[in-house]
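Quick notes on the structure that follows.
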Amino acid sequence: MTTKKVERRIKIKFRIRKSVNGTAERPRLSVFRSNKQIYAQVINDLTGTTLASASSLGLEKLAKIEQAKRVGALVAEKAKAAGVESVVFDRNGYLYHGRVQALADGAREGGLKF
């Protein structure tokens, strides 16, 4: 990846994070997307703790969109077990398209409210 592309995403990320903060009532669902994997965390920013997390490690045989959807459902299941019903979605500077959108849809189907 070129440095300009990374710098652009980081600028967008900081712009988003100015308004998106996770609290105890509505933690932040943060997404990280690499070329091979996708990761999701439910974070309480007030205490700096991760309440639930999931990744696509071990799901390599599926298509990437299906991996993202499964990760979304898995993080929703873990978040509901931790007592979280509603979250704030942090797309982390990525476009809301493709794998990021599939993860969000999977989390919604898993029962999380955005």
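Residue numbering restarts at 1 in every chain; chains get A, B, ... in the order shown in the structure tokens, and ligands count up from 1 in that same order.
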
What's around A:Ala104 at 8 Å? Count only C-alpha atoms, leave out sequence neighbours fewer than 4 positions away in its own chain, and write the answer as a ChimeraX atom specification. /A:69,72,89,100,108

Resulting file, chosen residues, N, CA, C and O atoms, as a tab-separated table (two decimals), in the first residue's frame:
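Result written to selection_14.tsv:
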```tsv
chain	number	residue	atom	x	y	z
A	69	LYS	N	-19.01	-11.34	7.17
A	69	LYS	CA	-20.36	-11.51	7.71
A	69	LYS	C	-20.33	-12.42	8.95
A	69	LYS	O	-20.97	-12.15	9.95
A	72	GLY	N	-18.86	-10.55	11.89
A	72	GLY	CA	-19.87	-9.66	12.46
A	72	GLY	C	-20.84	-10.40	13.35
A	72	GLY	O	-21.17	-9.94	14.45
A	89	PHE	N	-20.86	2.36	15.49
A	89	PHE	CA	-20.01	1.71	14.48
A	89	PHE	C	-18.88	2.64	14.08
A	89	PHE	O	-19.09	3.78	13.69
A	100	VAL	N	-16.48	-4.26	4.95
A	100	VAL	CA	-16.88	-3.47	6.12
A	100	VAL	C	-18.40	-3.48	6.25
A	100	VAL	O	-18.96	-3.66	7.34
A	108	ARG	N	-25.59	-6.74	12.73
A	108	ARG	CA	-27.02	-6.40	12.87
A	108	ARG	C	-27.88	-7.66	12.93
A	108	ARG	O	-28.80	-7.77	13.72
```

Open item on the list: List the spatial neighbours of A:Ser34 as a PyMOL selection string - criterion: any atom at most 12 Å away, only C-alpha atoms, same-chain residues fewer than 5 positions off excluded.
Closed with: chain A and resi 1+6+39-40+55-57+64+68+92+94+99-100

Across A:Thr2, A:Asn44, A:Gln67, A:Ser53, the smallest distance to A:Arg28, with only C-alpha atoms counted, is shown by A:Asn44

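Between atom CA of A:Ile12 and atom CA of A:Arg26 there is a distance of 21.9 Å.
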
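Restricting the calculation to only C-alpha atoms, the smallest distance between A:Arg70 and any of A:Ala52, A:Leu103, A:Ser86, A:Gly58 is found for A:Leu103.
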
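Using only C-alpha atoms, the shortest contact distance between A:Phe32 and any of A:Leu46, A:Leu95, A:Leu112, A:Ala76 is found at A:Leu95.
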